[in-house]
Structures are given as C-alpha cells and as structure tokens.
$ cat my_file-v2.cif   # mmCIF, C-alpha atoms
data_coords
loop_
_atom_site.label_atom_id
_atom_site.label_comp_id
_atom_site.auth_asym_id
_atom_site.auth_seq_id
_atom_site.Cartn_x
_atom_site.Cartn_y
_atom_site.Cartn_z
CA MET A 13 123.09 91.04 108.00
CA ARG A 14 125.41 88.07 107.65
CA GLU A 15 123.97 84.84 106.31
CA LEU A 16 122.32 82.98 109.17
CA ASN A 17 124.23 79.77 108.61
CA GLN A 18 126.18 80.27 111.81
CA LEU A 19 125.41 78.97 115.27
CA LEU A 20 121.81 79.68 116.25
CA LEU A 21 120.58 80.47 119.73
CA ASN A 22 117.69 78.22 120.74
CA PHE A 23 115.55 80.03 123.30
CA ASN A 24 113.24 77.76 125.22
CA PHE A 25 111.03 75.84 122.78
CA LYS A 26 113.19 72.87 121.85
CA LYS A 27 115.60 71.81 124.55
CA SER A 28 118.52 71.42 122.18
CA PHE A 29 121.72 72.55 123.82
CA ASN A 30 124.52 71.68 121.41
CA ASP A 31 126.85 74.35 120.06
CA HIS A 32 125.31 74.14 116.58
CA ASP A 33 122.10 75.65 117.99
CA TYR A 34 123.83 78.68 119.48
CA PHE A 35 124.07 81.85 117.40
CA VAL A 36 127.18 83.87 118.21
CA SER A 37 127.13 87.65 117.84
CA ASP A 38 128.99 90.54 119.44
CA SER A 39 126.55 90.32 122.35
CA ASN A 40 127.64 86.89 123.54
CA TYR A 41 130.93 86.22 121.73
CA PHE A 42 133.21 86.62 124.76
CA ALA A 43 131.20 84.20 126.91
CA PHE A 44 130.90 81.63 124.12
CA ASN A 45 134.61 81.90 123.29
CA LEU A 46 135.63 81.18 126.88
CA VAL A 47 133.42 78.10 127.01
CA ASP A 48 134.74 77.00 123.63
CA LYS A 49 138.41 77.36 124.61
CA TRP A 50 138.11 75.28 127.80
CA PRO A 51 140.33 73.95 129.41
CA LYS A 52 142.70 76.73 128.33
CA TRP A 53 141.38 79.15 130.92
CA GLU A 54 143.57 81.66 132.72
CA LYS A 55 141.71 80.87 135.95
CA LYS A 56 139.73 77.90 137.22
CA ILE A 57 136.44 79.72 137.84
CA LEU A 58 134.33 81.35 135.13
CA ASN A 59 131.27 83.45 135.90
CA ILE A 60 128.85 84.05 133.02
CA SER A 61 126.25 86.69 133.78
CA GLY A 62 123.31 88.03 131.83
CA GLU A 63 119.59 88.59 132.03
CA LYS A 64 117.08 85.75 132.02
CA PHE A 65 116.70 84.02 128.62
CA SER A 66 120.09 85.34 127.45
CA GLY A 67 121.44 81.83 126.80
CA LYS A 68 123.42 81.16 129.99
CA THR A 69 121.90 77.72 130.52
CA HIS A 70 122.56 76.88 126.87
CA LEU A 71 126.24 77.75 127.36
CA ALA A 72 126.28 75.69 130.56
CA ASN A 73 125.02 72.66 128.63
CA ILE A 74 127.60 73.20 125.89
CA PHE A 75 130.26 73.26 128.61
CA LYS A 76 128.74 70.14 130.17
CA SER A 77 129.07 68.29 126.85
CA LYS A 78 132.66 69.44 126.37
CA SER A 79 133.89 68.71 129.89
CA SER A 80 131.53 65.99 131.20
CA ALA A 81 130.76 68.39 134.03
CA LEU A 82 128.40 67.92 136.94
CA LEU A 83 125.47 70.31 136.40
CA LEU A 84 123.88 71.74 139.53
CA ASN A 85 121.28 74.41 140.14
CA GLU A 86 121.67 76.63 143.18
CA LYS A 87 118.83 74.75 144.89
CA ASP A 88 120.81 71.49 144.58
CA ILE A 89 123.70 72.74 146.71
CA SER A 90 123.97 71.40 150.25
CA ASN A 91 126.61 69.77 152.44
CA GLU A 92 125.63 66.40 150.98
CA VAL A 93 126.56 67.42 147.41
CA PHE A 94 130.30 67.73 148.14
CA ASN A 95 130.91 63.98 147.86
CA LYS A 96 129.46 64.09 144.36
CA ILE A 97 131.44 67.22 143.41
CA LYS A 98 134.70 65.47 144.30
CA LEU A 99 134.07 62.88 141.59
CA TYR A 100 134.09 65.43 138.74
CA GLU A 101 136.82 67.53 137.17
CA SER A 102 134.36 70.24 136.14
CA ILE A 103 131.35 71.66 137.97
CA ILE A 104 128.51 73.91 136.78
CA ILE A 105 126.29 75.96 139.07
CA ASP A 106 123.37 77.34 137.07
CA GLU A 107 120.92 80.04 138.14
CA PHE A 108 123.05 81.28 141.04
CA SER A 109 121.45 84.17 142.94
CA ASN A 110 123.18 84.00 146.34
CA GLY A 111 120.11 82.41 147.84
CA ILE A 112 121.96 79.84 149.93
CA ASP A 113 124.53 79.78 152.74
CA GLU A 114 127.60 81.69 151.53
CA ASN A 115 129.83 79.23 153.37
CA LEU A 116 128.73 76.51 150.96
CA ILE A 117 129.75 78.54 147.92
CA TYR A 118 133.04 79.53 149.54
CA SER A 119 133.74 75.86 150.30
CA ILE A 120 133.09 74.96 146.67
CA PHE A 121 135.49 77.70 145.55
CA ASN A 122 138.14 76.27 147.90
CA LEU A 123 137.56 72.75 146.62
CA ILE A 124 137.95 73.92 143.02
CA ASP A 125 141.32 75.47 143.86
CA GLN A 126 142.60 72.67 146.06
CA ASP A 127 141.75 69.87 143.62
CA SER A 128 142.53 71.90 140.48
CA LYS A 129 138.99 71.55 139.14
CA TYR A 130 136.99 73.90 136.91
CA LEU A 131 133.84 75.79 137.84
CA LEU A 132 131.34 77.54 135.58
CA ILE A 133 128.86 79.57 137.59
CA ASN A 134 125.93 81.36 135.90
CA SER A 135 124.12 84.31 137.44
CA GLU A 136 121.97 87.23 136.36
CA THR A 137 124.13 89.62 138.40
CA PRO A 138 127.92 89.34 137.98
CA LEU A 139 129.54 87.74 141.02
CA SER A 140 131.78 90.79 141.34
CA GLU A 141 128.68 92.94 141.91
CA ILE A 142 126.96 90.71 144.48
CA ASN A 143 127.13 92.00 148.05
CA PHE A 144 128.57 88.90 149.71
CA LYS A 145 128.92 89.10 153.48
CA LEU A 146 132.01 86.90 153.65
CA PRO A 147 135.08 89.06 152.86
CA ASP A 148 136.99 86.06 151.51
CA LEU A 149 134.12 85.23 149.17
CA VAL A 150 134.08 88.82 147.90
CA SER A 151 137.80 88.53 147.09
CA ARG A 152 137.49 85.12 145.44
CA SER A 153 134.50 86.07 143.32
CA ARG A 154 136.22 89.20 142.02
CA ASN A 155 139.27 87.15 141.11
CA SER A 156 137.33 84.80 138.81
CA LEU A 157 136.97 85.05 135.04
CA GLN A 158 134.02 87.29 134.21
CA ALA A 159 131.96 87.18 131.01
CA LYS A 160 128.82 89.28 130.76
CA ILE A 161 126.29 88.63 128.00
CA LYS A 162 125.26 92.00 126.62
CA PRO A 163 121.76 93.02 125.45
CA PRO A 164 120.99 91.40 122.09
CA ASP A 165 122.17 93.20 118.94
CA ASP A 166 120.23 93.18 115.65
CA GLU A 167 121.95 90.05 114.34
CA LEU A 168 121.16 88.08 117.47
CA ILE A 169 117.54 89.27 117.60
CA PHE A 170 117.06 88.27 113.95
CA ALA A 171 118.54 84.82 114.62
CA ILE A 172 116.48 84.28 117.78
CA ILE A 173 113.22 85.19 116.04
CA LEU A 174 114.02 83.22 112.89
CA LYS A 175 115.01 80.09 114.79
CA ASN A 176 112.07 80.15 117.17
CA PHE A 177 109.49 80.80 114.47
CA SER A 178 111.05 78.06 112.37
CA ASP A 179 110.84 75.63 115.31
CA ARG A 180 107.16 76.50 115.67
CA GLN A 181 106.53 76.26 111.92
CA ILE A 182 105.48 79.91 111.81
CA LYS A 183 106.38 81.42 108.45
CA LEU A 184 107.20 85.12 108.27
CA GLU A 185 108.72 87.03 105.39
CA LYS A 186 112.18 88.44 105.90
CA GLN A 187 110.83 91.98 105.67
CA ILE A 188 108.47 91.33 108.58
CA ILE A 189 111.26 89.89 110.72
CA GLU A 190 113.38 92.96 109.94
CA PHE A 191 110.39 95.13 110.91
CA ILE A 192 110.28 93.33 114.27
CA VAL A 193 114.05 93.64 114.79
CA ASN A 194 113.90 97.40 114.25
CA ARG A 195 111.12 97.91 116.79
CA ILE A 196 111.28 95.30 119.53
CA GLU A 197 112.78 96.13 122.92
CA ARG A 198 116.42 95.01 123.30
CA SER A 199 115.66 92.55 126.08
CA TYR A 200 115.89 88.75 126.01
CA GLY A 201 112.84 88.55 128.26
CA LYS A 202 110.75 90.83 126.02
CA ILE A 203 111.82 88.87 122.92
CA SER A 204 110.81 85.61 124.60
CA GLU A 205 107.47 87.14 125.61
CA PHE A 206 106.90 88.39 122.05
CA ILE A 207 107.65 84.96 120.55
CA TYR A 208 105.25 83.33 123.01
CA LYS A 209 102.44 85.75 122.08
CA VAL A 210 102.94 85.24 118.35
CA ASP A 211 102.94 81.48 118.84
CA GLU A 212 99.78 81.68 120.94
CA LEU A 213 97.96 83.75 118.30
CA SER A 214 99.19 81.47 115.53
CA LEU A 215 97.71 78.44 117.28
CA LYS A 216 94.41 80.22 117.93
CA LYS A 217 93.92 81.72 114.48
CA LYS A 218 95.39 78.80 112.54
CA LYS A 219 96.35 81.12 109.72
CA PRO A 220 99.45 83.13 108.70
CA ILE A 221 100.47 85.98 111.00
CA SER A 222 100.03 89.35 109.29
CA LEU A 223 102.06 92.53 109.67
CA LYS A 224 99.00 94.11 111.31
CA THR A 225 99.00 91.41 114.00
CA ILE A 226 102.76 91.86 114.55
CA LYS A 227 102.23 95.60 115.02
CA GLU A 228 99.49 94.95 117.57
CA ILE A 229 101.69 92.56 119.57
CA LEU A 230 104.63 94.96 119.52
#
$ encode --input "my_file-v2.cif" --output "structure tokens"
Amino acid sequence: MRELNQLLLNFNFKKSFNDHDYFVSDSNYFAFNLVDKWPKWEKKILNISGEKFSGKTHLANIFKSKSSALLLNEKDISNEVFNKIKLYESIIIDEFSNGIDENLIYSIFNLIDQDSKYLLINSETPLSEINFKLPDLVSRSRNSLQAKIKPPDDELIFAIILKNFSDRQIKLEKQIIEFIVNRIERSYGKISEFIYKVDELSLKKKKPISLKTIKEIL
C-alpha cells in the first residue's frame, strides 16, 4: 500500500471536514476531483451519489469551504428558502432522497440555470436512477454531472480504519489492520459499524484490543 500521508477520510468521530482529512483512492477519486476543480465544471449541477458513510457530506463541506456555498439538507427545502438561495452563487443539497415536492427541486434547478449558479446535490441513489414523476425533472437530472462513489478499495479501508482508530487513541499493529482489511465487508456502513464496536469494547475493557477480539467482532 502507498504511504498513508495523503488525504485521509474522516468518518464520523471528529467533525473535521477539510480536504486534508479526506483520503483519496480509486473509489472516490472522480467525485473528489470534480469538487476540487470547481468552478471549472462542464455543467452547473453536480450529483455525488454513494452509500451512507461514503464521505458525501465530507465532500459537501469541502465544496462549502471552497465556494462559500449555502448548505441545505433536504428537510430544509421549502418555498421560503428561495430568498436565501438567491443570495448565494453556490448551493449544496445534502442527503437528498426525493422526499419532498418535486416542483421545489425542479424550481431550484431552474434557478441554478437562470442565475448561472452552481449546485452540488448528494444522494444515495444517483439522480439519473430516481423515478421522478415530473418529465422535465427526469431530463434535467440526467443532464447533470454524475459522480458515484464506489465501494471502498483496500487502500481506502486501511486509511479509514487507521484514521478512526488513531482519533480514538486505539493502537493496533499494522498486521492486525491488514488482517481486518482482508476480511471486512466492502461496505462503508459495515466499516463504520465495525469501528463503533471496537471503540465500544476498547472503552469497556480499558486494555489493548487483541487479534482474538477483532476476529470475534468480524
């Protein structure tokens, strides 16, 4: 594995969202690169998709720092929010799941185009695969930039585990981390759950985590 002196992905323990805490691997390179190259986008709307805990919110906060964007969650969107949106060049909608009136989203898309703004919209399912009822929204969503975060590769899993254990002051030998990487399920949610369980046991036992304990958790 490459030396882990690159950008490290911070999962959920410390809310640090700068780009120096984001580890870039083949799994998330395309999404990170698009955020990094802003405002040199080919289109005004970027959709980053990926499973929960895959780092979408982290990327949204990196984009927020770069562009001074207005950060909204889906639940924040209503008719009243449009006056606020008009004050910003860049907008972020995080945790989008098509749980609100489609007309509101379509209106935001129109506003982005009309006022030449930028929109980053995060979702677990790619916008192009969501069954929108509004035909115009289907067309607009498919015409946006699409970046899907892939399941974590070995490098990314190693970095996630190393960073999170380091944040929690849990010391594990490199060989044990490699043992985990070779056996853990390739899922950001399962990795997060594993880290939580190790942390919980570490706090209870108040002693170093053994390979036997790691095997039991896995």
$ residues_around --input "my_file-v2.cif" --residues "Ser156 (chain A)" --least-positions-apart "5" --cutoff "8 Å" --atoms "only C-alpha atoms" --output "CSV table (one decimal) with C-alpha atoms, in the frame of the given file"
chain,number,residue,atom,x,y,z
A,55,LYS,CA,141.7,80.9,136.0
A,56,LYS,CA,139.7,77.9,137.2
A,57,ILE,CA,136.4,79.7,137.8
A,58,LEU,CA,134.3,81.4,135.1
A,59,ASN,CA,131.3,83.4,135.9
$ resolve_selection --input "my_file-v2.cif" --expression "the PyMOL selection byres ((chain A and resi 196-204) around 10)" --output "PyMOL selection string"
chain A and resi 23-25+62-67+162-166+169+172-173+176+191-195+205-209+229-230
$ closest_residue --input "my_file-v2.cif" --among "A:Glu101, A:Asp148, A:Asp33, A:Asp106" --to "Lys129 (chain A)" --atoms "all atoms listed in the file"
A:Glu101
$ closest_residue --input "my_file-v2.cif" --among "A:Arg180, A:Lys224, A:Lys68, A:Arg154" --to "Glu212 (chain A)" --atoms "only C-alpha atoms"
A:Arg180
$ closest_residue --input "my_file-v2.cif" --among "A:Lys175, A:Asp48, A:Asn115, A:Ser109" --to "Lys145 (chain A)" --atoms "only C-alpha atoms"
A:Asn115
$ closest_residue --input "my_file-v2.cif" --among "A:Phe42, A:Pro138, A:Asn73, A:Lys98" --to "Gln126 (chain A)" --atoms "all atoms listed in the file"
A:Lys98
$ resolve_selection --input "my_file-v2.cif" --expression "the PyMOL selection byres ((chain A and resi 90) around 10)" --output "ChimeraX atom specification"
/A:86-89,91-94,112-113,116-117
$ closest_residue --input "my_file-v2.cif" --among "A:Ser128, A:Thr137, A:Gln181, A:Thr69" --to "Phe44 (chain A)" --atoms "all atoms listed in the file"
A:Thr69
$ closest_residue --input "my_file-v2.cif" --among "A:Asn134, A:Lys183, A:Glu190, A:Ile124" --to "Ile221 (chain A)" --atoms "all atoms listed in the file"
A:Lys183
$ atom_distance --input "my_file-v2.cif" --atom1 "CA of Ile103 (chain A)" --atom2 "CA of Leu131 (chain A)"
4.8 Å
$ residues_near_point --input "my_file-v2.cif" --point "(129.2, 68.1, 132.2)" --cutoff "12 Å" --atoms "all atoms listed in the file" --output "MDAnalysis selection string"
chainID A and resid 71:84 97 99:106 130:132
$ atom_distance --input "my_file-v2.cif" --atom1 "CA of Phe35 (chain A)" --atom2 "CA of Ser61 (chain A)"
17.2 Å
$ atom_distance --input "my_file-v2.cif" --atom1 "CA of Leu168 (chain A)" --atom2 "CA of Tyr41 (chain A)"
10.8 Å
$ axis_aligned_box --input "my_file-v2.cif" --around "region 94-109 of chain A" --padding-each-side "8 Å" --output "JSON"
{"center_x": 128.9, "center_y": 73.5, "center_z": 142.1, "size_x": 31.9, "size_y": 37.3, "size_z": 28.0}
